[in-house]
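*Asks:* Sharing structure.cif here; it has mmCIF, C-alpha atoms.
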data_model
loop_
_atom_site.group_PDB
_atom_site.id
_atom_site.type_symbol
_atom_site.label_atom_id
_atom_site.label_comp_id
_atom_site.auth_asym_id
_atom_site.auth_seq_id
_atom_site.Cartn_x
_atom_site.Cartn_y
_atom_site.Cartn_z
ATOM 1 C CA MET A 1 0.000 0.000 0.000
ATOM 2 C CA ALA A 2 1.416 3.406 -0.871
ATOM 3 C CA MET A 3 0.526 6.756 0.691
ATOM 4 C CA ASP A 4 1.907 10.396 -0.807
ATOM 5 C CA SER A 5 7.646 1.613 33.886
ATOM 6 C CA PRO A 6 5.730 3.074 36.938
ATOM 7 C CA ALA A 7 8.522 5.618 36.716
ATOM 8 C CA SER A 8 8.474 7.783 33.597
ATOM 9 C CA HIS A 9 11.207 7.602 30.936
ATOM 10 C CA MET A 10 12.286 10.300 28.528
ATOM 11 C CA SER A 11 15.060 10.607 25.974
ATOM 12 C CA THR A 12 16.007 12.948 23.163
ATOM 13 C CA ASP A 13 18.025 12.444 20.006
ATOM 14 C CA ARG A 14 19.125 14.884 17.325
ATOM 15 C CA ILE A 15 21.390 14.617 14.296
ATOM 16 C CA GLU A 16 21.928 16.404 10.995
ATOM 17 C CA ALA A 17 21.799 14.261 7.874
ATOM 18 C CA ALA A 18 21.257 15.381 4.284
ATOM 19 C CA PRO A 19 18.786 16.232 2.967
ATOM 20 C CA PHE A 20 16.800 16.363 6.229
ATOM 21 C CA ARG A 21 17.640 17.191 9.795
ATOM 22 C CA TRP A 22 15.635 14.878 12.046
ATOM 23 C CA THR A 23 14.847 15.889 15.620
ATOM 24 C CA SER A 24 12.997 13.571 17.999
ATOM 25 C CA ALA A 25 12.045 12.972 21.613
ATOM 26 C CA SER A 26 10.342 10.118 23.431
ATOM 27 C CA CYS A 27 8.471 9.750 26.684
ATOM 28 C CA SER A 28 6.864 6.694 28.303
ATOM 29 C CA HIS A 29 4.877 6.230 31.512
ATOM 30 C CA ALA A 30 3.205 3.263 33.200
ATOM 31 C CA GLY A 31 0.018 5.300 33.711
ATOM 32 C CA LEU A 32 -2.054 5.519 36.869
ATOM 33 C CA VAL A 33 -3.589 2.035 36.935
ATOM 34 C CA ARG A 34 -0.987 -0.518 35.858
ATOM 35 C CA ASP A 35 2.039 -1.428 37.975
ATOM 36 C CA VAL A 36 4.262 -2.421 35.043
ATOM 37 C CA ASN A 37 5.003 -0.461 31.879
ATOM 38 C CA GLU A 38 4.641 -2.995 29.053
ATOM 39 C CA ASP A 39 5.341 -0.343 26.400
ATOM 40 C CA ALA A 40 8.760 0.011 24.778
ATOM 41 C CA CYS A 41 10.084 2.480 22.223
ATOM 42 C CA LEU A 42 13.038 3.101 19.925
ATOM 43 C CA GLU A 43 14.445 6.459 18.895
ATOM 44 C CA GLN A 44 17.380 6.568 16.456
ATOM 45 C CA SER A 45 17.248 9.821 14.525
ATOM 46 C CA GLU A 46 20.755 9.341 13.155
ATOM 47 C CA ARG A 47 19.526 6.198 11.387
ATOM 48 C CA GLY A 48 16.023 7.401 10.495
ATOM 49 C CA LEU A 49 14.339 4.827 12.719
ATOM 50 C CA TRP A 50 11.657 5.116 15.392
ATOM 51 C CA ALA A 51 9.262 2.538 16.857
ATOM 52 C CA VAL A 52 6.694 1.877 19.589
ATOM 53 C CA ALA A 53 5.620 -1.535 20.893
ATOM 54 C CA ASP A 54 2.781 -2.196 23.339
ATOM 55 C CA GLY A 55 2.867 -5.540 25.156
ATOM 56 C CA MET A 56 -0.591 -7.060 25.018
ATOM 57 C CA GLY A 57 -2.451 -6.328 28.255
ATOM 58 C CA GLY A 58 -3.956 -9.328 29.997
ATOM 59 C CA HIS A 59 -1.473 -11.738 28.422
ATOM 60 C CA SER A 60 1.697 -13.219 29.883
ATOM 61 C CA LEU A 61 5.005 -11.410 29.568
ATOM 62 C CA GLY A 62 3.833 -8.370 27.618
ATOM 63 C CA GLU A 63 6.874 -6.430 28.808
ATOM 64 C CA PHE A 64 9.175 -9.152 27.469
ATOM 65 C CA ALA A 65 7.355 -9.137 24.115
ATOM 66 C CA SER A 66 7.495 -5.380 23.537
ATOM 67 C CA ARG A 67 11.171 -5.163 24.394
ATOM 68 C CA LEU A 68 12.021 -8.120 22.177
ATOM 69 C CA ALA A 69 10.228 -6.457 19.258
ATOM 70 C CA ILE A 70 12.149 -3.220 19.788
ATOM 71 C CA ARG A 71 15.493 -5.004 20.178
ATOM 72 C CA SER A 72 14.928 -6.779 16.865
ATOM 73 C CA LEU A 73 15.091 -3.383 15.106
ATOM 74 C CA VAL A 74 17.957 -1.783 17.021
ATOM 75 C CA ASP A 75 20.854 -2.874 14.806
ATOM 76 C CA LEU A 76 19.250 -2.790 11.380
ATOM 77 C CA PRO A 77 21.940 -2.330 8.692
ATOM 78 C CA VAL A 78 22.341 1.036 6.995
ATOM 79 C CA PRO A 79 19.902 0.879 4.062
ATOM 80 C CA GLU A 80 20.812 1.255 0.414
ATOM 81 C CA SER A 81 17.229 2.373 -0.244
ATOM 82 C CA LEU A 82 13.987 2.860 1.628
ATOM 83 C CA GLU A 83 12.626 -0.321 0.066
ATOM 84 C CA GLN A 84 15.611 -2.270 1.420
ATOM 85 C CA TYR A 85 15.094 -0.667 4.839
ATOM 86 C CA VAL A 86 11.467 -1.801 4.879
ATOM 87 C CA TYR A 87 12.437 -5.292 3.738
ATOM 88 C CA ASP A 88 15.069 -5.636 6.468
ATOM 89 C CA ALA A 89 12.714 -4.329 9.185
ATOM 90 C CA HIS A 90 9.970 -6.679 8.003
ATOM 91 C CA ASP A 91 12.408 -9.609 8.140
ATOM 92 C CA ARG A 92 13.509 -8.708 11.681
ATOM 93 C CA LEU A 93 9.915 -8.450 12.888
ATOM 94 C CA GLN A 94 9.095 -11.815 11.363
ATOM 95 C CA GLY A 95 12.006 -13.230 13.345
ATOM 96 C CA ALA A 96 10.685 -11.595 16.525
ATOM 97 C CA ASN A 97 7.274 -13.117 15.835
ATOM 98 C CA ARG A 98 8.790 -16.590 15.570
ATOM 99 C CA ARG A 99 10.724 -16.060 18.802
ATOM 100 C CA LEU A 100 7.558 -15.024 20.644
ATOM 101 C CA ARG A 101 5.683 -18.071 19.341
ATOM 102 C CA ASP A 102 8.534 -20.326 20.465
ATOM 103 C CA GLU A 103 8.683 -18.669 23.897
ATOM 104 C CA ALA A 104 4.951 -19.112 24.406
ATOM 105 C CA GLY A 105 5.329 -22.819 23.646
ATOM 106 C CA LEU A 106 8.283 -23.219 25.993
ATOM 107 C CA ARG A 107 6.489 -21.407 28.812
ATOM 108 C CA ASP A 108 3.215 -23.233 28.115
ATOM 109 C CA VAL A 109 1.179 -20.021 27.807
ATOM 110 C CA PRO A 110 -1.368 -19.264 25.061
ATOM 111 C CA ILE A 111 0.319 -16.126 23.764
ATOM 112 C CA ILE A 112 3.152 -13.687 24.360
ATOM 113 C CA GLY A 113 2.336 -10.724 22.149
ATOM 114 C CA THR A 114 2.905 -7.081 21.328
ATOM 115 C CA THR A 115 1.783 -4.474 18.844
ATOM 116 C CA ILE A 116 4.428 -2.739 16.757
ATOM 117 C CA VAL A 117 4.535 0.500 14.807
ATOM 118 C CA ALA A 118 7.691 1.799 13.136
ATOM 119 C CA LEU A 119 8.715 4.842 11.105
ATOM 120 C CA LEU A 120 11.721 4.482 8.769
ATOM 121 C CA ALA A 121 13.247 7.370 6.827
ATOM 122 C CA SER A 122 15.675 7.382 3.919
ATOM 123 C CA GLY A 123 16.356 10.263 1.566
ATOM 124 C CA ARG A 124 13.193 12.258 0.963
ATOM 125 C CA ARG A 125 10.768 9.462 1.791
ATOM 126 C CA CYS A 126 9.655 7.529 4.830
ATOM 127 C CA ALA A 127 7.729 4.319 5.507
ATOM 128 C CA CYS A 128 5.271 3.220 8.167
ATOM 129 C CA LEU A 129 5.083 -0.414 9.317
ATOM 130 C CA TRP A 130 2.534 -1.664 11.804
ATOM 131 C CA ALA A 131 0.645 -4.565 13.321
ATOM 132 C CA GLY A 132 -1.940 -3.893 16.022
ATOM 133 C CA ASP A 133 -3.441 -0.650 17.285
ATOM 134 C CA SER A 134 -0.419 1.493 18.067
ATOM 135 C CA ARG A 135 -0.482 4.474 15.721
ATOM 136 C CA ILE A 136 1.468 6.958 13.611
ATOM 137 C CA TYR A 137 0.086 10.453 13.036
ATOM 138 C CA LEU A 138 1.453 13.090 10.671
ATOM 139 C CA TYR A 139 1.031 16.813 11.330
ATOM 140 C CA ARG A 140 1.641 18.719 8.102
ATOM 141 C CA ALA A 141 0.704 22.263 7.088
ATOM 142 C CA GLY A 142 -1.822 22.669 9.890
ATOM 143 C CA CYS A 143 -3.559 19.309 9.402
ATOM 144 C CA LEU A 144 -3.332 16.108 11.442
ATOM 145 C CA ARG A 145 -3.535 12.826 9.529
ATOM 146 C CA LEU A 146 -3.623 9.253 10.815
ATOM 147 C CA LEU A 147 -1.190 7.209 8.700
ATOM 148 C CA THR A 148 -2.021 3.807 10.183
ATOM 149 C CA ARG A 149 -5.254 1.876 10.510
ATOM 150 C CA ASP A 150 -5.919 -0.055 13.720
ATOM 151 C CA HIS A 151 -6.002 -3.820 13.507
ATOM 152 C CA SER A 152 -8.888 -4.119 15.945
ATOM 153 C CA GLN A 153 -12.446 -5.404 16.182
ATOM 154 C CA ILE A 154 -13.782 -1.856 16.438
ATOM 155 C CA GLU A 155 -12.029 -0.789 13.233
ATOM 156 C CA GLU A 156 -13.223 -3.922 11.418
ATOM 157 C CA ALA A 157 -16.795 -3.288 12.549
ATOM 158 C CA ARG A 158 -16.568 0.343 11.440
ATOM 159 C CA SER A 159 -15.336 -0.648 7.974
ATOM 160 C CA ARG A 160 -18.136 -3.206 7.505
ATOM 161 C CA ARG A 161 -21.143 -1.203 8.612
ATOM 162 C CA PRO A 162 -23.054 1.314 6.430
ATOM 163 C CA SER A 163 -22.121 4.941 6.928
ATOM 164 C CA THR A 164 -24.867 6.276 9.191
ATOM 165 C CA GLY A 165 -23.012 8.820 11.246
ATOM 166 C CA ASP A 166 -23.683 6.794 14.406
ATOM 167 C CA GLU A 167 -20.324 5.486 15.607
ATOM 168 C CA THR A 168 -21.978 3.334 18.285
ATOM 169 C CA LEU A 169 -23.664 0.968 15.797
ATOM 170 C CA HIS A 170 -22.241 -2.561 15.755
ATOM 171 C CA ARG A 171 -19.510 -1.520 18.181
ATOM 172 C CA PRO A 172 -17.821 -4.466 19.968
ATOM 173 C CA ALA A 173 -17.954 -4.479 23.761
ATOM 174 C CA ALA A 174 -14.141 -4.376 23.946
ATOM 175 C CA ASN A 175 -11.564 -3.084 21.499
ATOM 176 C CA LEU A 176 -9.695 -6.364 20.970
ATOM 177 C CA ILE A 177 -6.794 -6.250 18.553
ATOM 178 C CA THR A 178 -6.861 -8.599 15.585
ATOM 179 C CA ARG A 179 -3.173 -8.584 14.681
ATOM 180 C CA ALA A 180 0.053 -8.525 16.722
ATOM 181 C CA LEU A 181 3.522 -10.002 16.952
ATOM 182 C CA GLY A 182 3.248 -13.377 18.658
ATOM 183 C CA ALA A 183 -0.451 -13.833 17.932
ATOM 184 C CA GLU A 184 -0.145 -16.163 14.927
ATOM 185 C CA ASP A 185 2.538 -18.318 13.306
ATOM 186 C CA THR A 186 2.387 -16.075 10.227
ATOM 187 C CA LEU A 187 2.634 -12.350 10.893
ATOM 188 C CA GLU A 188 0.945 -9.845 8.590
ATOM 189 C CA ILE A 189 2.505 -6.382 8.681
ATOM 190 C CA ASP A 190 0.946 -3.411 6.891
ATOM 191 C CA ALA A 191 3.238 -0.842 5.279
ATOM 192 C CA GLY A 192 2.910 2.503 3.541
ATOM 193 C CA ILE A 193 5.373 4.921 1.938
ATOM 194 C CA LEU A 194 5.107 8.701 1.610
ATOM 195 C CA GLY A 195 7.262 11.678 0.733
ATOM 196 C CA VAL A 196 8.643 13.863 3.512
ATOM 197 C CA HIS A 197 8.050 17.625 3.523
ATOM 198 C CA ASP A 198 9.906 20.360 5.365
ATOM 199 C CA GLY A 199 8.345 20.822 8.810
ATOM 200 C CA ASP A 200 6.574 17.447 8.956
ATOM 201 C CA VAL A 201 5.953 16.257 12.521
ATOM 202 C CA PHE A 202 5.186 12.596 13.236
ATOM 203 C CA LEU A 203 3.758 11.045 16.393
ATOM 204 C CA LEU A 204 4.184 7.342 17.152
ATOM 205 C CA CYS A 205 2.101 6.280 20.149
ATOM 206 C CA SER A 206 0.547 3.376 22.006
ATOM 207 C CA ASP A 207 -3.216 3.202 22.466
ATOM 208 C CA GLY A 208 -2.779 4.368 26.059
ATOM 209 C CA LEU A 209 -2.320 7.812 24.518
ATOM 210 C CA SER A 210 -4.699 7.696 21.554
ATOM 211 C CA ASN A 211 -7.535 6.313 23.702
ATOM 212 C CA GLU A 212 -7.254 9.204 26.170
ATOM 213 C CA VAL A 213 -6.240 12.221 24.079
ATOM 214 C CA SER A 214 -8.371 13.699 21.290
ATOM 215 C CA GLU A 215 -6.982 14.359 17.830
ATOM 216 C CA LEU A 216 -7.550 18.090 18.393
ATOM 217 C CA ALA A 217 -5.374 17.955 21.523
ATOM 218 C CA ILE A 218 -2.729 15.952 19.641
ATOM 219 C CA GLU A 219 -2.754 18.550 16.859
ATOM 220 C CA GLN A 220 -2.321 21.387 19.347
ATOM 221 C CA ALA A 221 0.580 19.616 21.052
ATOM 222 C CA LEU A 222 2.394 19.019 17.748
ATOM 223 C CA LEU A 223 1.753 22.505 16.324
ATOM 224 C CA PRO A 224 4.823 24.269 17.816
ATOM 225 C CA GLY A 225 7.160 21.619 16.352
ATOM 226 C CA ASN A 226 9.080 21.119 19.610
ATOM 227 C CA CYS A 227 9.536 17.355 19.989
ATOM 228 C CA ARG A 228 10.497 17.297 23.668
ATOM 229 C CA GLN A 229 7.724 19.679 24.661
ATOM 230 C CA ALA A 230 5.130 17.768 22.625
ATOM 231 C CA SER A 231 6.057 14.325 23.991
ATOM 232 C CA GLN A 232 5.892 15.575 27.573
ATOM 233 C CA ALA A 233 2.622 17.437 27.004
ATOM 234 C CA LEU A 234 0.914 14.418 25.434
ATOM 235 C CA ILE A 235 1.908 12.118 28.315
ATOM 236 C CA ALA A 236 0.651 14.726 30.797
ATOM 237 C CA LEU A 237 -2.686 14.990 28.969
ATOM 238 C CA ALA A 238 -3.176 11.218 28.987
ATOM 239 C CA LEU A 239 -2.438 11.125 32.723
ATOM 240 C CA GLU A 240 -4.848 13.998 33.384
ATOM 241 C CA ARG A 241 -7.587 12.052 31.587
ATOM 242 C CA GLY A 242 -7.182 8.932 33.678
ATOM 243 C CA GLY A 243 -3.959 7.244 32.609
ATOM 244 C CA HIS A 244 -5.819 3.927 32.364
ATOM 245 C CA ASP A 245 -3.056 2.197 30.389
ATOM 246 C CA ASN A 246 0.652 2.457 29.690
ATOM 247 C CA ILE A 247 1.410 5.590 27.654
ATOM 248 C CA THR A 248 4.175 6.144 25.123
ATOM 249 C CA ALA A 249 4.813 9.016 22.710
ATOM 250 C CA VAL A 250 7.648 9.402 20.201
ATOM 251 C CA VAL A 251 7.586 12.752 18.377
ATOM 252 C CA VAL A 252 9.714 13.210 15.247
ATOM 253 C CA ARG A 253 10.311 16.368 13.184
ATOM 254 C CA ALA A 254 11.830 16.719 9.710
ATOM 255 C CA GLU A 255 13.575 19.882 8.486
ATOM 256 C CA ASP A 256 14.596 20.124 4.841
ATOM 257 C CA LEU A 257 18.036 21.741 4.894
ATOM 258 C CA TYR A 258 17.713 22.644 1.205
ATOM 259 C CA SER A 259 14.165 23.951 1.155
ATOM 260 C CA PRO A 260 13.825 27.216 -0.798
ATOM 261 C CA ASP A 261 11.491 28.412 1.955
ATOM 262 C CA ARG A 262 14.268 28.307 4.570
ATOM 263 C CA THR A 263 15.717 31.719 5.447
ATOM 264 C CA THR A 264 19.511 31.980 5.239
ATOM 265 C CA MET A 265 21.206 34.415 7.604
ATOM 266 C CA HIS A 266 24.309 36.216 6.278
ATOM 267 C CA PRO A 267 26.740 37.979 8.602
ATOM 268 C CA VAL A 268 26.865 41.756 8.403
ATOM 269 C CA LEU A 269 30.280 42.856 7.104
#
What would the structure in this file look like if it were written as structure tokens?
*Replies:*
Amino acid sequence: MAMDSPASHMSTDRIEAAPFRWTSASCSHAGLVRDVNEDACLEQSERGLWAVADGMGGHSLGEFASRLAIRSLVDLPVPESLEQYVYDAHDRLQGANRRLRDEAGLRDVPIIGTTIVALLASGRRCACLWAGDSRIYLYRAGCLRLLTRDHSQIEEARSRRPSTGDETLHRPAANLITRALGAEDTLEIDAGILGVHDGDVFLLCSDGLSNEVSELAIEQALLPGNCRQASQALIALALERGGHDNITAVVVRAEDLYSPDRTTMHPVL
């Protein structure tokens, strides 16, 4: 498909790389209900790689699963092209899926699972990969756009029913995910590719954020383009609205160093 811990944790990462300068920040919190943070995230701006994994709540070893998924992406080789980057990431995630299936068998548990969402950048394009209901949003030119589509019973029900304007029709009692690493022997991963524009801001998040914070609030947090400030603000908003689940936000900003719209300052002689 193509498209144009109870204690909090925060990190920042910044690097210049032609043709874009990527700036990013991440923040993760266990929330106000759960004792263990089963979310994990990856932030490698110098390699154009960011990811969020959400260990499946209610299942065994969700923390182990999310961290294994993230570790599988950490040392991806430097890509020759975006397509190669996507292929390598897909291959690593398939390996993580097999490991989770094997671990579940060894531990005699039904499932050890995690969602995954990843953003990969190379040149003037980027790719989204995902399985589950963690999300990637893009804020561009004053508009917020959801780049991923949840693999969940609610999303499936919404796509099947007639458009009536009533979002409560045919709504499942619980938003169960329909795809995740570790859920099946064969893992299906969705992917999409789009061009990057100067000033693009991306948000990768677990559903502990998207379930609590409205898209309007997300848009307002991303508007200033400050990654650290936005990641902290979004976690704070989710906590203010109940913090019912683990919460993770990775905010990424792209600056085109060669954009004709950029103002160049010359010293006064």
*Asks:* For this file, the PyMOL selection byres ((chain A and resi 79-83) around 9) selects which residues, as a CSV table (one decimal) with C-alpha atoms, in the frame of the given file?
*Replies:*
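This is the output file out_36.csv:
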chain,number,residue,atom,x,y,z
A,76,LEU,CA,19.2,-2.8,11.4
A,77,PRO,CA,21.9,-2.3,8.7
A,78,VAL,CA,22.3,1.0,7.0
A,84,GLN,CA,15.6,-2.3,1.4
A,85,TYR,CA,15.1,-0.7,4.8
A,86,VAL,CA,11.5,-1.8,4.9
A,87,TYR,CA,12.4,-5.3,3.7
A,88,ASP,CA,15.1,-5.6,6.5
A,120,LEU,CA,11.7,4.5,8.8
A,121,ALA,CA,13.2,7.4,6.8
A,122,SER,CA,15.7,7.4,3.9
A,123,GLY,CA,16.4,10.3,1.6
A,125,ARG,CA,10.8,9.5,1.8
A,126,CYS,CA,9.7,7.5,4.8
A,127,ALA,CA,7.7,4.3,5.5
A,193,ILE,CA,5.4,4.9,1.9
*Asks:* For the file shown, what are the residues hit by the PyMOL selection byres ((chain A and resi 97) around 12), laid out as a count of residues only?
*Replies:* 38
*Asks:* Compare A:Met56, A:Val109, A:Leu239, A:Ile218 by their minimum atom-to-atom distance to Val251 in chain A, counting all atoms listed in the file, and give me the closest one.
*Replies:*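 Among the listed residues, the smallest separation from Val251 in chain A belongs to A:Ile218.
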*Asks:* Pick out the residues sitting within 12 Å of Ser28 in chain A, and hand them over as number ranges by chain; count all atoms listed in the file, and ignore anything fewer than 5 positions along from it in its own chain.
*Replies:* A: 5-11, 36-42, 52-54, 204-206, 208-209, 231-236, 238-239, 243, 245-251
*Asks:* For the selection you just gave me, I'd like the residues written to a file as a JSON list (two decimals), in the coordinates of the input, keeping C-alpha atoms.
*Replies:*
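part-v1.json was written with the following content:
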[["chain", "number", "residue", "atom", "x", "y", "z"],
["A", 5, "SER", "CA", 7.65, 1.61, 33.89],
["A", 6, "PRO", "CA", 5.73, 3.07, 36.94],
["A", 7, "ALA", "CA", 8.52, 5.62, 36.72],
["A", 8, "SER", "CA", 8.47, 7.78, 33.60],
["A", 9, "HIS", "CA", 11.21, 7.60, 30.94],
["A", 10, "MET", "CA", 12.29, 10.30, 28.53],
["A", 11, "SER", "CA", 15.06, 10.61, 25.97],
["A", 36, "VAL", "CA", 4.26, -2.42, 35.04],
["A", 37, "ASN", "CA", 5.00, -0.46, 31.88],
["A", 38, "GLU", "CA", 4.64, -3.00, 29.05],
["A", 39, "ASP", "CA", 5.34, -0.34, 26.40],
["A", 40, "ALA", "CA", 8.76, 0.01, 24.78],
["A", 41, "CYS", "CA", 10.08, 2.48, 22.22],
["A", 42, "LEU", "CA", 13.04, 3.10, 19.92],
["A", 52, "VAL", "CA", 6.69, 1.88, 19.59],
["A", 53, "ALA", "CA", 5.62, -1.54, 20.89],
["A", 54, "ASP", "CA", 2.78, -2.20, 23.34],
["A", 204, "LEU", "CA", 4.18, 7.34, 17.15],
["A", 205, "CYS", "CA", 2.10, 6.28, 20.15],
["A", 206, "SER", "CA", 0.55, 3.38, 22.01],
["A", 208, "GLY", "CA", -2.78, 4.37, 26.06],
["A", 209, "LEU", "CA", -2.32, 7.81, 24.52],
["A", 231, "SER", "CA", 6.06, 14.32, 23.99],
["A", 232, "GLN", "CA", 5.89, 15.58, 27.57],
["A", 233, "ALA", "CA", 2.62, 17.44, 27.00],
["A", 234, "LEU", "CA", 0.91, 14.42, 25.43],
["A", 235, "ILE", "CA", 1.91, 12.12, 28.32],
["A", 236, "ALA", "CA", 0.65, 14.73, 30.80],
["A", 238, "ALA", "CA", -3.18, 11.22, 28.99],
["A", 239, "LEU", "CA", -2.44, 11.12, 32.72],
["A", 243, "GLY", "CA", -3.96, 7.24, 32.61],
["A", 245, "ASP", "CA", -3.06, 2.20, 30.39],
["A", 246, "ASN", "CA", 0.65, 2.46, 29.69],
["A", 247, "ILE", "CA", 1.41, 5.59, 27.65],
["A", 248, "THR", "CA", 4.18, 6.14, 25.12],
["A", 249, "ALA", "CA", 4.81, 9.02, 22.71],
["A", 250, "VAL", "CA", 7.65, 9.40, 20.20],
["A", 251, "VAL", "CA", 7.59, 12.75, 18.38]]
*Asks:* Mind pulling up the distance from CA of Arg21 in chain A to CA of Ala141 in chain A?
*Replies:* 17.9 Å
*Asks:* Taking all atoms listed in the file into account, which of A:Leu144, A:Gly195, A:Ser152, A:Gly242 comes nearest Gln220 in chain A?
*Replies:*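 Comparing A:Leu144, A:Gly195, A:Ser152, A:Gly242 against Gln220 in chain A, the winner is A:Leu144.
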*Asks:* Using all atoms listed in the file for the distances, tell me which of A:Gly62, A:Pro19, A:Gly48, A:Gly55 is nearest to Glu255 in chain A.
*Replies:*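 Nearest to Glu255 in chain A: A:Pro19.
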*Asks:* Would you write out, as JSON lines, a table of all residues in range 79-155 of chain A that have an atom no more than 8 Å from an atom of range 197-201 of chain A, listing for each the closest atom pair and the distance in Å to one decimal, considering all atoms listed in the file and ordering rows by chain and rising residue number?
*Replies:*
{"residue": "A:Arg124", "atom": "CA", "partner": "A:His197", "partner_atom": "CA", "distance": 7.9}
{"residue": "A:Leu138", "atom": "CA", "partner": "A:Val201", "partner_atom": "CA", "distance": 5.8}
{"residue": "A:Tyr139", "atom": "CA", "partner": "A:Val201", "partner_atom": "CA", "distance": 5.1}
{"residue": "A:Arg140", "atom": "CA", "partner": "A:Asp200", "partner_atom": "CA", "distance": 5.2}
{"residue": "A:Ala141", "atom": "CA", "partner": "A:Asp200", "partner_atom": "CA", "distance": 7.8}
*Asks:* Record the distance separating CA of Ser259 in chain A and CA of Phe20 in chain A, expressed in Å with one decimal.
*Replies:* 9.5 Å
*Asks:* Could you tell me how far CA of Leu203 in chain A sits from CA of Leu223 in chain A, in Å to one decimal place?
*Replies:*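 Separating CA of Leu223 in chain A from CA of Leu203 in chain A is a distance of 11.6 Å.
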*Asks:* My list of candidates is A:Ala191, A:Leu32, A:Leu61, A:Ala118. Which is closest to Gln44 in chain A when distances are computed with all atoms listed in the file?
*Replies:*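 When distances to Gln44 in chain A are compared using all atoms listed in the file, the smallest one comes from A:Ala118.
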*Asks:* Name the closest residue to Asp133 in chain A among the candidates A:Arg228, A:Arg149, A:His29, A:Arg67; distances are taken between atoms, counting all atoms listed in the file.
*Replies:* A:Arg149
*Asks:* Using all atoms listed in the file, find the one residue out of A:Asn211, A:Gln153, A:Ser45, A:Ser24 that sits nearest to Arg135 in chain A.
*Replies:*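 Closest residue, counting all atoms listed in the file: A:Asn211.
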*Asks:* Enclose range 76-79 of chain A, meaning all of its atoms listed in the file, in a box aligned along x, y and z, pad it by 4 Å on each side, and list the centre and edge lengths in Å to one decimal, as AutoDock Vina command-line options.
*Replies:*
--center_x 20.8 --center_y -0.9 --center_z 7.7 --size_x 11.1 --size_y 11.8 --size_z 15.3
*Asks:* Can you write range 120-124 of chain A from the block above with all heavy atoms, as an mmCIF file, in the first residue's frame?
*Replies:*
data_model
loop_
_atom_site.group_PDB
_atom_site.id
_atom_site.type_symbol
_atom_site.label_atom_id
_atom_site.label_comp_id
_atom_site.auth_asym_id
_atom_site.auth_seq_id
_atom_site.Cartn_x
_atom_site.Cartn_y
_atom_site.Cartn_z
ATOM 1 N N LEU A 120 10.385 4.601 9.344
ATOM 2 C CA LEU A 120 11.721 4.482 8.769
ATOM 3 C C LEU A 120 11.887 5.569 7.716
ATOM 4 O O LEU A 120 10.998 5.758 6.877
ATOM 5 C CB LEU A 120 11.930 3.112 8.122
ATOM 6 C CG LEU A 120 11.870 1.868 9.016
ATOM 7 C CD1 LEU A 120 10.433 1.443 9.275
ATOM 8 C CD2 LEU A 120 12.619 0.713 8.361
ATOM 9 N N ALA A 121 13.014 6.273 7.764
ATOM 10 C CA ALA A 121 13.247 7.370 6.827
ATOM 11 C C ALA A 121 14.539 7.150 6.055
ATOM 12 O O ALA A 121 15.544 6.705 6.614
ATOM 13 C CB ALA A 121 13.309 8.698 7.573
ATOM 14 N N SER A 122 14.488 7.465 4.761
ATOM 15 C CA SER A 122 15.675 7.382 3.919
ATOM 16 C C SER A 122 15.510 8.375 2.775
ATOM 17 O O SER A 122 14.486 8.341 2.071
ATOM 18 C CB SER A 122 15.857 5.959 3.368
ATOM 19 O OG SER A 122 16.989 5.868 2.532
ATOM 20 N N GLY A 123 16.471 9.256 2.607
ATOM 21 C CA GLY A 123 16.356 10.263 1.566
ATOM 22 C C GLY A 123 15.185 11.191 1.834
ATOM 23 O O GLY A 123 15.033 11.716 2.931
ATOM 24 N N ARG A 124 14.339 11.361 0.832
ATOM 25 C CA ARG A 124 13.193 12.258 0.963
ATOM 26 C C ARG A 124 11.867 11.510 1.147
ATOM 27 O O ARG A 124 10.798 12.061 0.903
ATOM 28 C CB ARG A 124 13.099 13.182 -0.264
ATOM 29 C CG ARG A 124 14.261 14.148 -0.350
ATOM 30 C CD ARG A 124 14.099 15.169 -1.458
ATOM 31 N NE ARG A 124 15.113 16.206 -1.356
ATOM 32 C CZ ARG A 124 14.999 17.289 -0.599
ATOM 33 N NH1 ARG A 124 13.912 17.476 0.122
ATOM 34 N NH2 ARG A 124 15.973 18.176 -0.552
#
